[in-house]
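Working notes, structure below.
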Amino acid sequence: MPWAAEALRAALIPFILTTGGLLLVLLLALAVQRGVRGVVWRLAGRRRRRCQPLVDAWIAPGADAAALDDLVRFCGGRRRSGAADLLLAPLRSVRGELVDRAREALTRLGLRDRWLADLGDRRWWRRAQAATALGLMAERSAAGALVTRLEDMYDEVRAAAVDALGRIGDPATLPALVASLADPRQQRVRVVATLRAFGPAAAEEIIRRCLAYPADRVAVAEVLGHVGSAAGLEALTGWIEADEAAVRAAAFRAIGDIGPDERAYYFALRALGDPDPDVRAMAARVIGRSGRADAASYLAPRLGDVWLVAAHAAAALKQLGEAGRRQLATAASSDGPGAELARQMMWELGG
């Protein structure tokens, strides 16, 4: 039907022209956008280069107030974002007086107040950027607002808030940080790393929370081990006599992470006879961490235990120097249980 072909051709030509025009407009828009971004990037780079000498002069040891006045006067207004980049960059790896100087300059430039306001901004990236900046400058006045951001709906904001609270180091924020460990949305490793920065105070707060929630002892023991503070040893040593085998094993695992004291060492020796294999295995690990050569004779019989216990006992004997080596050599030369494992350990020791 010729008329149908003509109708299709008549409709197709405008469609192709329209689509081509739209594609051309889109390409032009992308080109313009890229050009605008390039201009903005070059302007920002120029502003940073102009502010660099003034920032360097202010953060240099012994700089006087006049250097700060020059920085604020020349790098205010549209240039302050460039100055902020320059002032914040070294704070990612440096502490001490430099942080104080950067904080003073950023406050004078009005950026501290802007970032405090941005913590409540509706745009998540502005909240995340503000949390990061306030953390780098260790702005203690932001601690309360950052605690509220621990429950932000966006992961990037929560992560920035956790890092910032660790840098600020206000002990008053510890209860909120410890409570956030129970939030499945939080990056647990990040929170634990932040708690580690608080030292013994973090362990004490974790233990206080456990007293309120005793059913959480297994999870709490794991966190105490990761925090690595000896302040948790007393509580952990009390839990190794718990009725629940899981609590006993978790306590010994954490003690092994931290490093045992004299009391925990003797409890570990006794726990080599615990009815639960997980507990025996973690007790053997603790003894290995103790470095006590006189424990080698207690570990040797565990080479014939179930695999988990035997493996930890063998690894512990490797850590006990010559005394452990002698016990491994004796087991390796026999045909008894654990002989193959002992030979493997001797091979790893080069013997």
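Numbering starts fresh at 1 for the residues of each chain in the structure tokens, the chains themselves are lettered A, B, ... in the order given, and ligands are numbered from 1 as they appear.
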
- request: For Ala142 (chain A), work out the shell of residues within 12 Å, counting only C-alpha atoms and skipping chain neighbours fewer than 2 positions away, then give it as a PyMOL selection string.
  value: chain A and resi 112-120+130-140+144-149+161+164-165+167-170+173

Given the selection you just returned, output its residues as a file containing N, CA and C atoms, formatted as a JSON list (two decimals), in the first residue's frame.
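In the end it all went to selection-v7.json:
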```
[["chain", "number", "residue", "atom", "x", "y", "z"],
["A", 112, "ARG", "N", 33.72, 27.64, 60.63],
["A", 112, "ARG", "CA", 33.23, 26.79, 61.72],
["A", 112, "ARG", "C", 31.72, 26.93, 61.87],
["A", 113, "ASP", "N", 31.24, 28.18, 61.91],
["A", 113, "ASP", "CA", 29.80, 28.39, 62.08],
["A", 113, "ASP", "C", 29.02, 27.86, 60.88],
["A", 114, "ARG", "N", 29.58, 27.99, 59.70],
["A", 114, "ARG", "CA", 28.88, 27.47, 58.52],
["A", 114, "ARG", "C", 28.77, 25.96, 58.59],
["A", 115, "TRP", "N", 29.86, 25.29, 59.00],
["A", 115, "TRP", "CA", 29.84, 23.83, 59.08],
["A", 115, "TRP", "C", 28.92, 23.35, 60.20],
["A", 116, "LEU", "N", 28.88, 24.08, 61.31],
["A", 116, "LEU", "CA", 27.95, 23.71, 62.37],
["A", 116, "LEU", "C", 26.51, 23.77, 61.87],
["A", 117, "ALA", "N", 26.20, 24.80, 61.09],
["A", 117, "ALA", "CA", 24.86, 24.91, 60.50],
["A", 117, "ALA", "C", 24.62, 23.81, 59.48],
["A", 118, "ASP", "N", 25.66, 23.46, 58.72],
["A", 118, "ASP", "CA", 25.51, 22.44, 57.67],
["A", 118, "ASP", "C", 25.24, 21.05, 58.23],
["A", 119, "LEU", "N", 25.54, 20.82, 59.51],
["A", 119, "LEU", "CA", 25.23, 19.51, 60.09],
["A", 119, "LEU", "C", 23.73, 19.23, 60.07],
["A", 120, "GLY", "N", 22.94, 20.29, 59.95],
["A", 120, "GLY", "CA", 21.49, 20.12, 59.86],
["A", 120, "GLY", "C", 20.95, 20.37, 58.46],
["A", 130, "ALA", "N", 30.52, 18.61, 56.39],
["A", 130, "ALA", "CA", 30.63, 19.41, 57.61],
["A", 130, "ALA", "C", 31.15, 18.56, 58.77],
["A", 131, "ALA", "N", 30.65, 17.33, 58.90],
["A", 131, "ALA", "CA", 31.12, 16.45, 59.97],
["A", 131, "ALA", "C", 32.61, 16.17, 59.83],
["A", 132, "THR", "N", 33.06, 15.90, 58.61],
["A", 132, "THR", "CA", 34.47, 15.63, 58.37],
["A", 132, "THR", "C", 35.33, 16.83, 58.74],
["A", 133, "ALA", "N", 34.92, 18.02, 58.29],
["A", 133, "ALA", "CA", 35.70, 19.23, 58.55],
["A", 133, "ALA", "C", 35.77, 19.53, 60.04],
["A", 134, "LEU", "N", 34.64, 19.43, 60.74],
["A", 134, "LEU", "CA", 34.62, 19.72, 62.18],
["A", 134, "LEU", "C", 35.44, 18.71, 62.96],
["A", 135, "GLY", "N", 35.47, 17.47, 62.48],
["A", 135, "GLY", "CA", 36.32, 16.47, 63.13],
["A", 135, "GLY", "C", 37.79, 16.77, 62.93],
["A", 136, "LEU", "N", 38.17, 17.14, 61.71],
["A", 136, "LEU", "CA", 39.58, 17.43, 61.44],
["A", 136, "LEU", "C", 40.07, 18.60, 62.28],
["A", 137, "MET", "N", 39.21, 19.59, 62.49],
["A", 137, "MET", "CA", 39.64, 20.73, 63.29],
["A", 137, "MET", "C", 39.38, 20.51, 64.78],
["A", 138, "ALA", "N", 38.92, 19.29, 65.15],
["A", 138, "ALA", "CA", 38.69, 18.92, 66.55],
["A", 138, "ALA", "C", 37.84, 19.95, 67.28],
["A", 139, "GLU", "N", 36.72, 20.30, 66.67],
["A", 139, "GLU", "CA", 35.82, 21.32, 67.22],
["A", 139, "GLU", "C", 34.91, 20.70, 68.27],
["A", 140, "ARG", "N", 35.27, 20.92, 69.54],
["A", 140, "ARG", "CA", 34.53, 20.29, 70.64],
["A", 140, "ARG", "C", 33.09, 20.77, 70.73],
["A", 144, "GLY", "N", 28.00, 17.53, 70.41],
["A", 144, "GLY", "CA", 26.59, 17.20, 70.61],
["A", 144, "GLY", "C", 25.85, 17.02, 69.30],
["A", 145, "ALA", "N", 26.10, 17.92, 68.35],
["A", 145, "ALA", "CA", 25.43, 17.82, 67.05],
["A", 145, "ALA", "C", 25.90, 16.60, 66.29],
["A", 146, "LEU", "N", 27.17, 16.25, 66.42],
["A", 146, "LEU", "CA", 27.70, 15.06, 65.74],
["A", 146, "LEU", "C", 27.09, 13.79, 66.31],
["A", 147, "VAL", "N", 26.80, 13.76, 67.61],
["A", 147, "VAL", "CA", 26.14, 12.60, 68.21],
["A", 147, "VAL", "C", 24.79, 12.36, 67.55],
["A", 148, "THR", "N", 24.05, 13.43, 67.26],
["A", 148, "THR", "CA", 22.75, 13.25, 66.60],
["A", 148, "THR", "C", 22.92, 12.67, 65.20],
["A", 149, "ARG", "N", 24.05, 12.95, 64.56],
["A", 149, "ARG", "CA", 24.28, 12.45, 63.21],
["A", 149, "ARG", "C", 24.66, 10.97, 63.20],
["A", 161, "ALA", "N", 30.50, 11.17, 61.03],
["A", 161, "ALA", "CA", 30.26, 11.56, 62.42],
["A", 161, "ALA", "C", 31.09, 10.71, 63.38],
["A", 164, "ALA", "N", 34.68, 11.81, 63.17],
["A", 164, "ALA", "CA", 34.84, 13.14, 63.76],
["A", 164, "ALA", "C", 34.84, 13.06, 65.29],
["A", 165, "LEU", "N", 33.95, 12.26, 65.85],
["A", 165, "LEU", "CA", 33.90, 12.13, 67.31],
["A", 165, "LEU", "C", 35.18, 11.51, 67.85],
["A", 167, "ARG", "N", 38.17, 11.95, 66.54],
["A", 167, "ARG", "CA", 39.19, 13.00, 66.49],
["A", 167, "ARG", "C", 38.99, 14.04, 67.59],
["A", 168, "ILE", "N", 37.74, 14.33, 67.89],
["A", 168, "ILE", "CA", 37.46, 15.33, 68.93],
["A", 168, "ILE", "C", 37.80, 14.77, 70.31],
["A", 169, "GLY", "N", 37.45, 13.49, 70.53],
["A", 169, "GLY", "CA", 37.85, 12.82, 71.78],
["A", 169, "GLY", "C", 37.16, 13.31, 73.03],
["A", 170, "ASP", "N", 35.92, 13.75, 72.93],
["A", 170, "ASP", "CA", 35.18, 14.20, 74.11],
["A", 170, "ASP", "C", 34.61, 12.98, 74.84],
["A", 173, "THR", "N", 30.89, 11.85, 74.83],
["A", 173, "THR", "CA", 30.24, 11.21, 73.68],
["A", 173, "THR", "C", 30.37, 9.69, 73.70]]
```

message: I'd like the contact shell of Glu244 (chain A) - 10 Å cut-off, only C-alpha atoms, skipping same-chain residues fewer than 5 positions apart - returned as a VMD selection string.
response: chain A and resid 218 239 249 276

message: Excluding region 203-205 of chain A and its own-chain neighbours fewer than 5 positions away, which residues fall within 7 Å of it when counting only C-alpha atoms? Please give them as number ranges by chain.
response: A: 174-175, 224, 229, 231-232

Those same residues, written as a PDB file, in the first residue's frame with N, CA and C atoms?
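Here's the written file out_25.pdb:
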```pdb
ATOM      1  N   LEU A 174      31.142   9.154  74.661  1.00  0.00           N
ATOM      2  CA  LEU A 174      31.366   7.707  74.708  1.00  0.00           C
ATOM      3  C   LEU A 174      30.074   6.894  74.844  1.00  0.00           C
ATOM      4  N   PRO A 175      29.131   7.279  75.722  1.00  0.00           N
ATOM      5  CA  PRO A 175      27.900   6.476  75.802  1.00  0.00           C
ATOM      6  C   PRO A 175      27.185   6.345  74.460  1.00  0.00           C
ATOM      7  N   LEU A 224      35.662  -5.480  73.557  1.00  0.00           N
ATOM      8  CA  LEU A 224      36.768  -5.191  74.475  1.00  0.00           C
ATOM      9  C   LEU A 224      38.087  -5.715  73.928  1.00  0.00           C
ATOM     10  N   SER A 229      42.267  -2.490  75.395  1.00  0.00           N
ATOM     11  CA  SER A 229      42.719  -1.813  76.609  1.00  0.00           C
ATOM     12  C   SER A 229      42.766  -2.782  77.776  1.00  0.00           C
ATOM     13  N   ALA A 231      42.240  -2.130  80.629  1.00  0.00           N
ATOM     14  CA  ALA A 231      41.186  -1.776  81.583  1.00  0.00           C
ATOM     15  C   ALA A 231      40.041  -2.782  81.551  1.00  0.00           C
ATOM     16  N   GLY A 232      39.930  -3.538  80.463  1.00  0.00           N
ATOM     17  CA  GLY A 232      38.858  -4.521  80.375  1.00  0.00           C
ATOM     18  C   GLY A 232      39.189  -5.863  80.969  1.00  0.00           C
TER      19      GLY A 232
END
```

- request: Please identify all polymer residues within 9 Å of Thr330 (chain A), counting only C-alpha atoms, omitting same-chain residues fewer than 5 positions from it, and present them as a list in words.
  value: Arg325, Ala339 and Ala342 of chain A

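Taking CA of Ala60 (chain A) and CA of Leu98 (chain A) as the two end points, the separation is 8.5 Å.
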
Shell around Lys318 (chain A) at 9 Å using only C-alpha atoms, local window under 3 positions removed, as a VMD selection string: chain A and resid 288 313 to 315 321 to 322 324 to 325 328 345 to 346 349

Those residues you just picked out, can you put them in a file as a PDB file, in the first residue's frame with C-alpha atoms?
```pdb
ATOM      1  CA  GLY A 288      50.575 -18.682  74.003  1.00  0.00           C
ATOM      2  CA  ALA A 313      47.766 -25.553  71.512  1.00  0.00           C
ATOM      3  CA  ALA A 314      50.325 -26.171  68.754  1.00  0.00           C
ATOM      4  CA  ALA A 315      50.350 -22.481  67.793  1.00  0.00           C
ATOM      5  CA  GLY A 321      60.415 -20.504  72.744  1.00  0.00           C
ATOM      6  CA  GLU A 322      62.726 -23.433  73.423  1.00  0.00           C
ATOM      7  CA  GLY A 324      57.565 -25.155  73.471  1.00  0.00           C
ATOM      8  CA  ARG A 325      59.890 -26.427  70.750  1.00  0.00           C
ATOM      9  CA  LEU A 328      56.623 -30.189  69.832  1.00  0.00           C
ATOM     10  CA  MET A 345      54.786 -26.890  63.587  1.00  0.00           C
ATOM     11  CA  MET A 346      58.382 -28.123  63.644  1.00  0.00           C
ATOM     12  CA  LEU A 349      59.962 -23.488  62.942  1.00  0.00           C
TER      13      LEU A 349
END
```

task: Would you mind reading off the distance between CA of Ala283 (chain A) and CA of Gly199 (chain A), one decimal, in Å?
output: 25.0 Å

- prompt: Can you list, as an MDAnalysis selection string, every protein, DNA or RNA residue that comes within 9 Å of Leu195 (chain A) when you count only C-alpha atoms, leaving out same-chain residues fewer than 2 positions away?
  reply: chainID A and resid 166 174 177:178 190:193 197:199 201:203 227

Since we have the selection now, will you write its residues out, keeping C-alpha atoms, as a PDB file, in the first residue's frame?
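This went into out.pdb:
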```pdb
ATOM      1  CA  GLY A 166      37.053  10.029  67.502  1.00  0.00           C
ATOM      2  CA  LEU A 174      31.366   7.707  74.708  1.00  0.00           C
ATOM      3  CA  LEU A 177      29.363   5.752  70.531  1.00  0.00           C
ATOM      4  CA  VAL A 178      29.140   2.553  72.585  1.00  0.00           C
ATOM      5  CA  ARG A 190      34.862   2.043  62.220  1.00  0.00           C
ATOM      6  CA  VAL A 191      33.161   2.507  65.596  1.00  0.00           C
ATOM      7  CA  VAL A 192      35.615   0.135  67.304  1.00  0.00           C
ATOM      8  CA  ALA A 193      38.574   2.007  65.780  1.00  0.00           C
ATOM      9  CA  ALA A 197      41.332   6.166  70.389  1.00  0.00           C
ATOM     10  CA  PHE A 198      39.671   6.851  73.757  1.00  0.00           C
ATOM     11  CA  GLY A 199      41.835   4.242  75.522  1.00  0.00           C
ATOM     12  CA  ALA A 201      37.797   5.256  79.156  1.00  0.00           C
ATOM     13  CA  ALA A 202      36.204   3.380  76.254  1.00  0.00           C
ATOM     14  CA  ALA A 203      36.659   0.006  77.954  1.00  0.00           C
ATOM     15  CA  VAL A 227      39.587  -2.013  71.745  1.00  0.00           C
TER      16      VAL A 227
END
```

message: Just checking: using only C-alpha atoms, which residue out of A:Thr18, A:Ser290, A:Gln52, A:Thr237 ends up closest to Leu71 (chain A)?
response: A:Gln52
